[in-house]
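J.: Contents of entry.txt (compact mmCIF, C-alpha atoms):
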```
# COMPACT_ATOMS: atom_id res chain seq x y z
CA MET E 1 -41.01 -117.39 -30.55
CA PRO E 2 -42.10 -120.83 -31.82
CA PRO E 3 -40.84 -123.73 -29.69
CA LEU E 4 -37.71 -125.53 -30.85
CA LEU E 5 -36.28 -129.03 -30.90
CA ARG E 6 -32.87 -128.58 -29.26
CA VAL E 7 -29.85 -130.79 -28.73
CA GLN E 8 -28.01 -129.51 -25.63
CA ASN E 9 -24.68 -130.40 -24.04
CA PHE E 10 -24.36 -133.54 -26.16
CA THR E 11 -20.72 -134.56 -25.88
CA VAL E 12 -18.81 -136.55 -28.47
CA SER E 13 -15.21 -137.71 -28.72
CA SER E 14 -12.76 -136.00 -31.06
CA ASP E 15 -13.55 -138.75 -33.57
CA GLY E 16 -17.30 -138.17 -33.33
CA TYR E 17 -18.59 -140.90 -30.98
CA GLY E 18 -21.25 -140.17 -28.35
CA ALA E 19 -20.61 -143.48 -26.56
CA GLY E 20 -18.23 -146.39 -26.81
CA THR E 21 -18.97 -150.02 -27.66
CA GLY E 22 -20.26 -152.63 -25.23
CA GLN E 23 -22.92 -150.77 -23.21
CA SER E 24 -23.91 -152.69 -20.08
CA LEU E 25 -25.43 -152.07 -16.68
CA GLU E 26 -21.94 -151.48 -15.29
CA HIS E 27 -20.77 -149.43 -18.27
CA PRO E 28 -23.54 -147.13 -19.54
CA PHE E 29 -21.12 -145.57 -22.05
CA GLY E 30 -19.49 -148.85 -23.07
CA HIS E 31 -15.71 -148.59 -23.21
CA ALA E 32 -15.91 -144.79 -22.98
CA ASP E 33 -15.29 -143.21 -19.58
CA PRO E 34 -18.16 -140.74 -19.10
CA GLY E 35 -16.19 -138.88 -16.42
CA GLU E 36 -13.43 -138.23 -18.94
CA LEU E 37 -15.78 -137.46 -21.85
CA MET E 38 -17.88 -135.09 -19.71
CA ALA E 39 -15.00 -133.66 -17.64
CA TRP E 40 -15.67 -130.19 -19.14
CA ALA E 41 -19.21 -130.21 -17.68
CA GLY E 42 -18.27 -131.87 -14.40
CA ALA E 43 -15.84 -129.05 -13.61
CA THR E 44 -18.53 -126.33 -13.76
CA ALA E 45 -20.38 -124.72 -10.86
CA SER E 46 -23.77 -125.52 -12.43
CA TRP E 47 -23.19 -129.25 -13.02
CA SER E 48 -26.28 -130.91 -11.56
CA HIS E 49 -24.35 -133.81 -10.02
CA ARG E 50 -21.88 -131.53 -8.26
CA THR E 51 -21.46 -132.44 -4.60
CA ALA E 52 -18.39 -130.39 -3.66
CA PRO E 53 -18.65 -126.58 -3.59
CA GLY E 54 -16.82 -124.49 -6.16
CA GLY E 55 -16.58 -125.10 -9.87
CA THR E 56 -15.86 -122.88 -12.84
CA ARG E 57 -18.19 -120.12 -14.03
CA GLY E 58 -16.83 -119.45 -17.50
CA LEU E 59 -18.06 -120.45 -20.94
CA ASP E 60 -18.59 -124.13 -20.06
CA ASP E 61 -20.74 -123.15 -17.10
CA HIS E 62 -22.93 -120.87 -19.23
CA LEU E 63 -23.64 -123.79 -21.55
CA VAL E 64 -24.26 -126.27 -18.74
CA ARG E 65 -26.80 -124.02 -17.06
CA ASP E 66 -28.66 -123.56 -20.34
CA LEU E 67 -29.46 -127.31 -20.35
CA ASP E 68 -32.93 -127.01 -18.81
CA HIS E 69 -33.71 -123.45 -19.84
CA ASN E 70 -37.21 -123.29 -21.37
CA ILE E 71 -37.32 -127.08 -21.82
CA GLY E 72 -40.76 -128.68 -21.46
CA ALA E 73 -40.11 -132.27 -22.59
CA GLU E 74 -37.27 -134.61 -23.59
CA ILE E 75 -36.99 -137.23 -26.30
CA MET E 76 -34.34 -139.91 -25.76
CA GLY E 77 -33.26 -143.15 -27.37
CA ARG E 78 -33.75 -146.46 -25.63
CA ASN E 79 -30.02 -146.88 -25.02
CA LYS E 80 -29.99 -143.65 -23.02
CA PHE E 81 -32.79 -145.11 -20.89
CA GLY E 82 -31.14 -148.45 -20.23
CA PRO E 83 -28.82 -151.23 -21.40
CA GLN E 84 -31.59 -153.77 -22.20
CA ARG E 85 -32.24 -154.89 -25.77
CA GLY E 86 -35.35 -156.57 -27.23
CA PRO E 87 -38.63 -157.11 -25.34
CA TRP E 88 -38.75 -155.80 -21.76
CA THR E 89 -38.34 -158.66 -19.34
CA ASP E 90 -38.04 -156.61 -16.16
CA HIS E 91 -40.35 -153.65 -15.59
CA THR E 92 -38.64 -152.84 -12.32
CA TRP E 93 -35.91 -151.15 -14.41
CA GLN E 94 -36.89 -147.46 -14.37
CA GLY E 95 -33.79 -145.87 -15.86
CA TRP E 96 -30.33 -145.06 -14.50
CA TRP E 97 -31.38 -142.13 -12.38
CA GLY E 98 -32.96 -143.51 -9.22
CA ASP E 99 -36.11 -142.13 -7.60
CA GLU E 100 -35.54 -138.52 -8.69
CA PRO E 101 -34.58 -138.37 -12.36
CA PRO E 102 -33.00 -135.07 -13.41
CA PHE E 103 -35.52 -134.32 -16.18
CA HIS E 104 -38.50 -132.81 -14.29
CA THR E 105 -40.62 -133.00 -17.47
CA PRO E 106 -42.29 -135.70 -19.57
CA VAL E 107 -39.70 -137.92 -21.30
CA PHE E 108 -40.43 -139.87 -24.49
CA VAL E 109 -38.29 -142.99 -24.91
CA LEU E 110 -37.90 -144.30 -28.47
CA THR E 111 -38.30 -148.07 -28.55
CA HIS E 112 -39.80 -150.82 -30.69
CA HIS E 113 -40.96 -152.52 -27.48
CA LEU E 114 -43.72 -150.61 -25.76
CA ARG E 115 -44.39 -150.65 -22.04
CA PRO E 116 -46.68 -148.63 -19.75
CA SER E 117 -45.79 -145.07 -18.81
CA PHE E 118 -44.65 -144.46 -15.25
CA THR E 119 -43.81 -141.48 -13.07
CA LEU E 120 -40.86 -140.95 -10.73
CA ALA E 121 -41.04 -137.72 -8.71
CA ASP E 122 -41.79 -135.00 -11.33
CA THR E 123 -40.63 -136.99 -14.38
CA THR E 124 -43.00 -139.19 -16.41
CA PHE E 125 -41.53 -141.66 -18.91
CA HIS E 126 -43.54 -142.58 -22.00
CA PHE E 127 -42.48 -145.31 -24.44
CA VAL E 128 -43.14 -144.65 -28.11
CA ASP E 129 -42.67 -146.64 -31.30
CA ASP E 130 -43.43 -143.97 -33.91
CA GLU E 131 -41.71 -142.01 -36.63
CA PRO E 132 -39.67 -139.02 -35.41
CA ALA E 133 -42.26 -136.50 -36.63
CA GLU E 134 -45.04 -138.17 -34.65
CA VAL E 135 -42.90 -138.42 -31.53
CA LEU E 136 -42.06 -134.75 -31.82
CA THR E 137 -45.75 -133.86 -32.14
CA ARG E 138 -46.48 -135.72 -28.90
CA ALA E 139 -43.49 -134.18 -27.12
CA ARG E 140 -44.45 -130.69 -28.26
CA ALA E 141 -47.96 -131.14 -26.90
CA ALA E 142 -46.51 -132.28 -23.57
CA ALA E 143 -44.04 -129.39 -23.51
CA ASP E 144 -46.92 -126.92 -23.42
CA GLY E 145 -45.30 -124.14 -25.44
CA ARG E 146 -41.76 -124.70 -24.24
CA ASP E 147 -38.92 -126.26 -26.24
CA VAL E 148 -38.27 -129.98 -26.56
CA ARG E 149 -34.80 -131.31 -25.80
CA LEU E 150 -33.46 -134.15 -27.92
CA GLY E 151 -31.36 -135.90 -25.33
CA GLY E 152 -29.50 -138.42 -27.50
CA GLY E 153 -27.84 -140.82 -27.97
CA ALA E 154 -26.14 -140.33 -31.28
CA GLN E 155 -28.47 -142.68 -33.18
CA SER E 156 -31.56 -140.80 -32.04
CA ILE E 157 -30.06 -137.45 -32.96
CA ARG E 158 -29.16 -138.79 -36.40
CA ALA E 159 -32.72 -140.08 -36.91
CA PHE E 160 -34.18 -136.64 -36.13
CA LEU E 161 -31.55 -134.91 -38.28
CA ALA E 162 -32.40 -137.25 -41.15
CA ALA E 163 -36.05 -136.22 -40.76
CA ASP E 164 -34.94 -132.55 -40.72
CA LEU E 165 -36.66 -131.90 -37.39
CA VAL E 166 -33.79 -130.45 -35.34
CA ASP E 167 -33.69 -126.65 -34.88
CA THR E 168 -30.53 -126.14 -32.82
CA LEU E 169 -27.61 -128.25 -31.66
CA HIS E 170 -25.00 -127.67 -29.02
CA VAL E 171 -22.40 -130.44 -29.31
CA ALA E 172 -19.23 -130.37 -27.20
CA VAL E 173 -16.29 -132.11 -28.86
CA SER E 174 -14.07 -133.52 -26.14
CA PRO E 175 -10.31 -134.04 -26.56
CA VAL E 176 -10.75 -137.78 -26.07
CA ARG E 177 -10.40 -140.35 -28.86
CA LEU E 178 -12.67 -143.44 -28.72
CA GLY E 179 -11.89 -145.29 -31.96
CA SER E 180 -15.29 -147.00 -32.06
CA GLY E 181 -18.81 -146.71 -30.70
CA THR E 182 -22.00 -144.88 -31.61
CA ARG E 183 -21.14 -142.14 -34.02
CA LEU E 184 -22.85 -138.74 -34.28
CA TRP E 185 -20.85 -137.51 -37.25
CA GLU E 186 -17.68 -137.91 -39.26
CA SER E 187 -16.97 -134.19 -38.87
CA PRO E 188 -18.73 -131.23 -37.20
CA ASP E 189 -18.81 -129.56 -40.63
CA GLU E 190 -21.01 -132.15 -42.31
CA LEU E 191 -24.23 -130.29 -41.40
CA ASP E 192 -23.07 -126.92 -42.73
CA ASP E 193 -25.33 -127.13 -45.79
CA ARG E 194 -28.36 -127.01 -43.50
CA PHE E 195 -27.12 -125.23 -40.38
CA HIS E 196 -25.33 -122.07 -39.39
CA HIS E 197 -22.32 -123.20 -37.41
CA GLU E 198 -20.12 -121.56 -34.80
CA ALA E 199 -17.17 -123.43 -33.29
CA VAL E 200 -16.17 -121.91 -29.94
CA PRO E 201 -13.06 -123.30 -28.20
CA SER E 202 -13.15 -123.40 -24.43
CA SER E 203 -10.20 -123.15 -22.06
CA SER E 204 -11.16 -126.62 -20.75
CA GLY E 205 -10.05 -128.19 -24.04
CA VAL E 206 -13.46 -128.92 -25.54
CA VAL E 207 -14.78 -127.11 -28.59
CA HIS E 208 -18.43 -126.11 -28.41
CA HIS E 209 -20.22 -126.45 -31.75
CA LEU E 210 -23.36 -124.34 -31.92
CA LEU E 211 -25.58 -125.01 -34.91
CA TRP E 212 -28.93 -123.57 -35.89
CA ARG E 213 -31.11 -124.14 -38.89
CA ARG E 214 -30.50 -121.95 -41.97
CA MET B 215 -25.70 -123.12 -4.34
CA PRO B 216 -25.59 -119.73 -2.51
CA PRO B 217 -27.13 -116.87 -4.48
CA LEU B 218 -24.77 -114.63 -6.43
CA LEU B 219 -24.44 -110.99 -7.40
CA ARG B 220 -24.04 -111.14 -11.19
CA VAL B 221 -23.23 -108.63 -13.89
CA GLN B 222 -24.78 -109.89 -17.15
CA ASN B 223 -24.54 -108.72 -20.74
CA PHE B 224 -22.97 -105.42 -19.71
CA THR B 225 -21.49 -104.00 -22.88
CA VAL B 226 -18.55 -101.61 -23.06
CA SER B 227 -16.65 -100.02 -25.92
CA SER B 228 -13.21 -101.25 -26.93
CA ASP B 229 -11.81 -98.44 -24.77
CA GLY B 230 -13.84 -99.48 -21.73
CA TYR B 231 -16.83 -97.11 -21.66
CA GLY B 232 -20.32 -98.32 -20.79
CA ALA B 233 -21.95 -95.10 -22.04
CA GLY B 234 -20.88 -91.90 -23.76
CA THR B 235 -20.98 -88.35 -22.46
CA GLY B 236 -24.03 -86.10 -22.43
CA GLN B 237 -26.87 -88.40 -21.33
CA SER B 238 -30.27 -86.85 -21.98
CA LEU B 239 -33.88 -87.89 -22.50
CA GLU B 240 -33.22 -88.16 -26.23
CA HIS B 241 -29.82 -89.83 -25.83
CA PRO B 242 -29.86 -92.34 -22.94
CA PHE B 243 -26.30 -93.42 -23.80
CA GLY B 244 -25.01 -89.90 -24.46
CA HIS B 245 -22.93 -89.67 -27.62
CA ALA B 246 -22.76 -93.49 -27.83
CA ASP B 247 -25.16 -95.20 -30.22
CA PRO B 248 -26.72 -98.04 -28.18
CA GLY B 249 -27.77 -99.81 -31.39
CA GLU B 250 -24.14 -99.96 -32.46
CA LEU B 251 -22.76 -100.79 -29.01
CA MET B 252 -25.37 -103.53 -28.48
CA ALA B 253 -25.50 -104.77 -32.10
CA TRP B 254 -24.14 -108.17 -30.99
CA ALA B 255 -27.18 -108.68 -28.72
CA GLY B 256 -29.71 -107.16 -31.09
CA ALA B 257 -28.81 -109.71 -33.77
CA THR B 258 -29.71 -112.70 -31.58
CA ALA B 259 -32.93 -114.73 -31.62
CA SER B 260 -33.40 -114.24 -27.86
CA TRP B 261 -33.07 -110.43 -27.79
CA SER B 262 -36.07 -109.26 -25.80
CA HIS B 263 -36.75 -106.26 -28.04
CA ARG B 264 -36.74 -108.33 -31.22
CA THR B 265 -39.77 -107.63 -33.39
CA ALA B 266 -38.75 -109.34 -36.65
CA PRO B 267 -38.48 -113.15 -36.71
CA GLY B 268 -35.12 -114.83 -37.09
CA GLY B 269 -31.91 -113.95 -35.32
CA THR B 270 -28.74 -115.85 -34.58
CA ARG B 271 -28.57 -118.79 -32.16
CA GLY B 272 -24.84 -119.05 -31.58
CA LEU B 273 -22.64 -117.97 -28.68
CA ASP B 274 -24.11 -114.46 -28.43
CA ASP B 275 -27.61 -115.90 -28.18
CA HIS B 276 -26.61 -118.27 -25.37
CA LEU B 277 -25.35 -115.31 -23.36
CA VAL B 278 -28.36 -113.12 -24.13
CA ARG B 279 -30.81 -115.77 -22.97
CA ASP B 280 -28.91 -116.22 -19.73
CA LEU B 281 -29.76 -112.62 -18.79
CA ASP B 282 -32.81 -113.43 -16.64
CA HIS B 283 -31.88 -116.98 -15.68
CA ASN B 284 -32.33 -117.45 -11.91
CA ILE B 285 -32.46 -113.68 -11.32
CA GLY B 286 -34.72 -112.52 -8.48
CA ALA B 287 -33.87 -108.82 -8.23
CA GLU B 288 -31.85 -106.11 -9.96
CA ILE B 289 -29.72 -103.28 -8.62
CA MET B 290 -29.17 -100.35 -10.99
CA GLY B 291 -27.65 -96.91 -10.87
CA ARG B 292 -29.80 -93.80 -11.14
CA ASN B 293 -28.46 -93.00 -14.61
CA LYS B 294 -29.75 -96.32 -15.89
CA PHE B 295 -33.17 -95.37 -14.50
CA GLY B 296 -33.32 -91.92 -16.03
CA PRO B 297 -31.46 -88.80 -17.20
CA GLN B 298 -32.50 -86.55 -14.30
CA ARG B 299 -29.94 -85.26 -11.80
CA GLY B 300 -30.47 -83.86 -8.29
CA PRO B 301 -33.81 -83.84 -6.44
CA TRP B 302 -36.75 -85.42 -8.27
CA THR B 303 -38.98 -82.70 -9.69
CA ASP B 304 -41.28 -84.93 -11.72
CA HIS B 305 -42.58 -88.17 -10.24
CA THR B 306 -44.40 -89.01 -13.47
CA TRP B 307 -41.02 -90.22 -14.79
CA GLN B 308 -41.10 -93.97 -14.23
CA GLY B 309 -38.07 -95.08 -16.22
CA TRP B 310 -37.36 -95.56 -19.92
CA TRP B 311 -39.35 -98.75 -20.31
CA GLY B 312 -43.02 -97.79 -20.50
CA ASP B 313 -45.83 -99.66 -18.75
CA GLU B 314 -44.16 -103.08 -18.91
CA PRO B 315 -40.52 -102.86 -17.83
CA PRO B 316 -38.42 -105.86 -18.84
CA PHE B 317 -37.25 -106.70 -15.31
CA HIS B 318 -40.19 -108.69 -13.84
CA THR B 319 -38.58 -108.53 -10.38
CA PRO B 320 -37.97 -105.92 -7.70
CA VAL B 321 -35.45 -103.27 -8.85
CA PHE B 322 -33.34 -101.21 -6.45
CA VAL B 323 -32.28 -97.83 -7.85
CA LEU B 324 -29.21 -96.24 -6.25
CA THR B 325 -29.79 -92.53 -5.64
CA HIS B 326 -29.07 -89.84 -3.09
CA HIS B 327 -32.60 -88.53 -3.63
CA LEU B 328 -35.24 -90.88 -2.30
CA ARG B 329 -38.76 -91.17 -3.65
CA PRO B 330 -41.63 -93.60 -3.01
CA SER B 331 -41.54 -97.10 -4.49
CA PHE B 332 -43.93 -97.82 -7.35
CA THR B 333 -44.99 -100.83 -9.38
CA LEU B 334 -45.41 -101.17 -13.14
CA ALA B 335 -46.83 -104.54 -14.24
CA ASP B 336 -44.64 -107.13 -12.43
CA THR B 337 -41.71 -104.79 -11.71
CA THR B 338 -41.45 -102.76 -8.49
CA PHE B 339 -38.88 -99.95 -8.29
CA HIS B 340 -37.39 -99.07 -4.91
CA PHE B 341 -35.10 -96.07 -4.38
CA VAL B 342 -32.22 -96.53 -1.97
CA ASP B 343 -29.49 -94.29 -0.57
CA ASP B 344 -27.32 -96.82 1.23
CA GLU B 345 -23.90 -98.37 1.04
CA PRO B 346 -23.53 -101.18 -1.52
CA ALA B 347 -23.49 -103.90 1.16
CA GLU B 348 -26.80 -102.71 2.62
CA VAL B 349 -28.41 -102.42 -0.80
CA LEU B 350 -27.28 -105.94 -1.61
CA THR B 351 -28.77 -107.23 1.64
CA ARG B 352 -32.13 -105.72 0.72
CA ALA B 353 -31.95 -107.01 -2.84
CA ARG B 354 -31.03 -110.51 -1.68
CA ALA B 355 -34.03 -110.58 0.64
CA ALA B 356 -36.27 -109.51 -2.23
CA ALA B 357 -34.71 -112.09 -4.57
CA ASP B 358 -35.96 -114.89 -2.31
CA GLY B 359 -33.06 -117.28 -2.84
CA ARG B 360 -32.36 -116.41 -6.45
CA ASP B 361 -29.41 -114.38 -7.74
CA VAL B 362 -29.26 -110.59 -7.89
CA ARG B 363 -28.30 -108.91 -11.15
CA LEU B 364 -26.17 -105.78 -11.00
CA GLY B 365 -27.54 -103.98 -14.03
CA GLY B 366 -25.06 -101.12 -14.34
CA GLY B 367 -24.11 -98.55 -15.35
CA ALA B 368 -20.35 -98.56 -15.10
CA GLN B 369 -20.19 -96.36 -11.98
CA SER B 370 -22.50 -98.68 -10.06
CA ILE B 371 -20.55 -101.77 -11.08
CA ARG B 372 -17.32 -100.08 -9.97
CA ALA B 373 -18.84 -99.20 -6.61
CA PHE B 374 -19.84 -102.83 -5.98
CA LEU B 375 -16.45 -104.08 -7.23
CA ALA B 376 -14.72 -101.65 -4.85
CA ALA B 377 -16.78 -103.14 -2.01
CA ASP B 378 -15.81 -106.64 -3.24
CA LEU B 379 -19.44 -107.74 -3.52
CA VAL B 380 -19.55 -108.97 -7.13
CA ASP B 381 -19.42 -112.75 -7.69
CA THR B 382 -19.52 -113.03 -11.51
CA LEU B 383 -19.29 -110.66 -14.46
CA HIS B 384 -20.13 -111.11 -18.09
CA VAL B 385 -18.91 -108.03 -19.97
CA ALA B 386 -19.09 -107.86 -23.76
CA VAL B 387 -16.41 -105.66 -25.31
CA SER B 388 -17.78 -104.19 -28.51
CA PRO B 389 -15.54 -103.22 -31.46
CA VAL B 390 -16.66 -99.59 -31.10
CA ARG B 391 -14.42 -96.80 -29.78
CA LEU B 392 -16.07 -94.05 -27.72
CA GLY B 393 -13.14 -91.87 -26.58
CA SER B 394 -14.98 -90.59 -23.51
CA GLY B 395 -17.91 -91.40 -21.23
CA THR B 396 -18.50 -93.51 -18.15
CA ARG B 397 -15.69 -95.97 -17.82
CA LEU B 398 -15.91 -99.51 -16.45
CA TRP B 399 -12.22 -100.29 -16.73
CA GLU B 400 -8.94 -99.37 -18.37
CA SER B 401 -8.46 -102.99 -19.42
CA PRO B 402 -10.40 -106.25 -18.98
CA ASP B 403 -7.33 -107.68 -17.24
CA GLU B 404 -7.34 -105.27 -14.33
CA LEU B 405 -9.50 -107.55 -12.17
CA ASP B 406 -7.37 -110.66 -12.71
CA ASP B 407 -5.94 -110.51 -9.20
CA ARG B 408 -9.41 -111.16 -7.78
CA PHE B 409 -11.23 -112.99 -10.56
CA HIS B 410 -10.77 -115.98 -12.82
CA HIS B 411 -11.07 -114.62 -16.34
CA GLU B 412 -11.99 -116.18 -19.68
CA ALA B 413 -12.02 -114.06 -22.85
CA VAL B 414 -14.18 -115.68 -25.54
CA PRO B 415 -14.24 -114.05 -28.99
CA SER B 416 -17.54 -114.21 -30.86
CA SER B 417 -18.04 -114.28 -34.62
CA SER B 418 -20.06 -111.06 -34.23
CA GLY B 419 -16.87 -109.14 -33.39
CA VAL B 420 -17.41 -108.73 -29.66
CA VAL B 421 -15.24 -110.45 -27.07
CA HIS B 422 -17.13 -111.90 -24.12
CA HIS B 423 -15.25 -111.55 -20.85
CA LEU B 424 -16.44 -114.01 -18.22
CA LEU B 425 -15.09 -113.41 -14.73
CA TRP B 426 -15.76 -115.17 -11.46
CA ARG B 427 -14.39 -114.64 -8.01
CA ARG B 428 -11.20 -116.52 -7.09
```
Write the structure described by the file as structure tokens, please.

T.:
Amino acid sequence: MPPLLRVQNFTVSSDGYGAGTGQSLEHPFGHADPGELMAWAGATASWSHRTAPGGTRGLDDHLVRDLDHNIGAEIMGRNKFGPQRGPWTDHTWQGWWGDEPPFHTPVFVLTHHLRPSFTLADTTFHFVDDEPAEVLTRARAAADGRDVRLGGGAQSIRAFLAADLVDTLHVAVSPVRLGSGTRLWESPDELDDRFHHEAVPSSSGVVHHLLWRR
Amino acid sequence: MPPLLRVQNFTVSSDGYGAGTGQSLEHPFGHADPGELMAWAGATASWSHRTAPGGTRGLDDHLVRDLDHNIGAEIMGRNKFGPQRGPWTDHTWQGWWGDEPPFHTPVFVLTHHLRPSFTLADTTFHFVDDEPAEVLTRARAAADGRDVRLGGGAQSIRAFLAADLVDTLHVAVSPVRLGSGTRLWESPDELDDRFHHEAVPSSSGVVHHLLWRR
């Protein structure tokens, strides 16, 4: 099976925003509360940040544990990597995730401001200022036959959709309204000309949208 | 997370049968047509027996590709291993799957008639005549920290349910009526006293029942 470019577990508000406005060091999702937006994932047994035992093992859990399955590299936007804008002034910033980032693969960060690659535990971050197709070529080579995950945010996903490079998307629409922010779409149906589309409601209140290229 | 005993992708008819009557070498599922019963899985991109390209990548595909995820051993009933009954008369029978069985882990076959273990490619079959709890102990040791899959058939799943050893079940109820055969349950709701239970309809016509221990 040829490797894919996959969006996985990307969560948007009921009005289509992946994050709110006003991202900062204290508020990675701007005015959006990530705990509320991602509550469906946080309740599952497989949630990687789970500290307490327990958790659900239904539909939401199946999707959460698919997050890393057969993934060999990730592509993310700069705003997923950090709140800084413009030229890097502080290379001690190495992402939100501490000494052991949860990726365990090469990660390609889209930015107009290059900086040297670095490695934390088993994750190496590369910084790239190329067109989506070129970034994907590099990520595919790094993924060594496995799939590449397109990790978001919304702007990055839209750039790769515009270049028609995305093979599958799993987007969870959360029952939370944001009103403003970084928008993935006006409606989950707007990709139906190019993608098969299943909408699967979960008992947690989110609707899982599963799309794959026609 | 402690390892689990999981039933995965086990498919039953709308009236609760995992296989029809009259199993034989020519008809592993008796009078049931496995192609019809398993059509939901066969249509997916991740179906392991897929030869043609393509296939769906919606809900059914997510469940199909979870089949082997974090599995370190399988337990199966003798009727899943072969159509023979009583003492083994022909040790050249090594299962339905040819030289490369799709398990890739140790497999423990429940039988009252022991025979020596053997290995085909990366699958080793062991034959055990013990109580479910003892078999599970052996399978857990072989799984080396990963989960154990309870592969069926229906009688084996019922035996492990009766011993209260099953942690999670994914059972797909197919829109096919069999009328007779080996029954898993009268109704998907009959385990609700012991299990959380989500029923998730798929666009393919099956209903996925996801159960996990309360």

J.: Counting only C-alpha atoms, note down every residue that has an atom within 10 Å of the point (-22.9, -124.1, -12.4) (file coordinates), as an MDAnalysis selection string.

T.: (chainID E and resid 41:48 50 54:58 60:66) or (chainID B and resid 215)

J.: Set the distance at 10 Å and use all atoms listed in the file: which residues neighbour Ala353 in chain B once local chain neighbours fewer than 2 positions away are removed? I'd like the list as JSON, numbers by chain.

T.: {"B": [219, 286, 287, 288, 289, 320, 321, 322, 340, 347, 348, 349, 350, 351, 355, 356, 357, 358, 361, 362, 363]}

J.: May I ask for the distance between CA of Phe10 in chain E and CA of Ala172 in chain E, given in Å to one decimal place?

T.: 6.1 Å

J.: In Å, how far is it from CA of Thr89 in chain E to CA of Val109 in chain E?

T.: 16.6 Å

J.: For chain B, which residue out of E:Thr51, E:Ser117, E:Thr124, E:Gln23 is the nearest one, using only C-alpha atoms?

T.: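 For chain B, the nearest of the given residues is E:Thr51.
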
J.: Name the residues in contact with range 34-40 of chain E at a cut-off of 10 Å, using all atoms listed in the file, excluding same-chain residues fewer than 4 positions from it; report them as a PyMOL selection string.

T.: chain E and resi 9-14+18-20+27-30+44+47+56+60-61+64+172-178+202-207

J.: Which residues, written as an NGL selection string, have at least one atom at most 6 Å from range 307-319 of chain B, with only C-alpha atoms counted and residues fewer than 5 positions away on the same chain left out?

T.: :B and (286-287 or 295-296 or 334-337)

J.: Would you please work out which residue, of B:Gly236, B:Gly230, B:Gly367, B:Pro267, is nearest to chain E when using all atoms listed in the file?

T.: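 Looking only at the distances to chain E, the closest residue turns out to be B:Pro267.
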
J.: As an exercise, work out the distance from CA of Leu281 in chain B to CA of Gly395 in chain B in Å and give it to one decimal place.

T.: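 Atom-to-atom, CA of Leu281 in chain B to CA of Gly395 in chain B, that is 24.4 Å.
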
J.: Pick the closest to Phe339 in chain B from B:Arg292, B:Asp378, B:Asp282, B:His384: which is it, counting all atoms listed in the file?

T.: B:Arg292

J.: Between B:Arg408, B:His326, B:His283, B:Arg372, which has the minimum distance to chain E (counting only C-alpha atoms)?

T.: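 Using only C-alpha atoms, chain E sits closest to B:His283.
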
J.: With distances taken over all atoms listed in the file, which of E:Leu25, E:Ala52, E:Met76, E:Leu59 is nearest to Leu424 in chain B?

T.: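 Among the listed residues, the smallest separation from Leu424 in chain B belongs to E:Leu59.
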
J.: What lies within 9 Å of Pro188 in chain E using all atoms listed in the file, ignoring chain neighbours under 2 positions off, as a ChimeraX atom specification?

T.: /E:16,171,173,185-186,190-192,197,199,209

J.: Got a moment to write range 44-54 of chain E out with N, CA and C atoms, as a CSV table (one decimal), in the first residue's frame?

T.:
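The result, written out as out_10.csv:
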```csv
chain,number,residue,atom,x,y,z
E,44,THR,N,-10.5,9.2,26.9
E,44,THR,CA,-10.2,7.9,26.5
E,44,THR,C,-9.1,7.2,27.2
E,45,ALA,N,-9.1,5.9,27.2
E,45,ALA,CA,-8.1,5.1,27.9
E,45,ALA,C,-6.7,5.3,27.2
E,46,SER,N,-6.7,5.5,25.9
E,46,SER,CA,-5.5,5.6,25.1
E,46,SER,C,-4.9,7.0,25.0
E,47,TRP,N,-5.5,8.0,25.6
E,47,TRP,CA,-5.0,9.4,25.6
E,47,TRP,C,-3.6,9.4,26.1
E,48,SER,N,-2.6,9.9,25.4
E,48,SER,CA,-1.2,9.8,25.8
E,48,SER,C,-0.9,10.6,27.0
E,49,HIS,N,-1.7,11.6,27.3
E,49,HIS,CA,-1.4,12.4,28.5
E,49,HIS,C,-2.1,11.9,29.7
E,50,ARG,N,-2.8,10.8,29.6
E,50,ARG,CA,-3.6,10.3,30.7
E,50,ARG,C,-2.7,9.9,31.9
E,51,THR,N,-3.0,10.4,33.1
E,51,THR,CA,-2.3,10.1,34.3
E,51,THR,C,-3.1,9.2,35.2
E,52,ALA,N,-4.4,9.4,35.3
E,52,ALA,CA,-5.2,8.5,36.1
E,52,ALA,C,-5.6,7.3,35.3
E,53,PRO,N,-5.8,6.1,36.0
E,53,PRO,CA,-6.2,4.9,35.3
E,53,PRO,C,-7.6,5.1,34.8
E,54,GLY,N,-8.1,4.1,34.0
E,54,GLY,CA,-9.5,4.2,33.5
E,54,GLY,C,-9.5,4.8,32.2
```
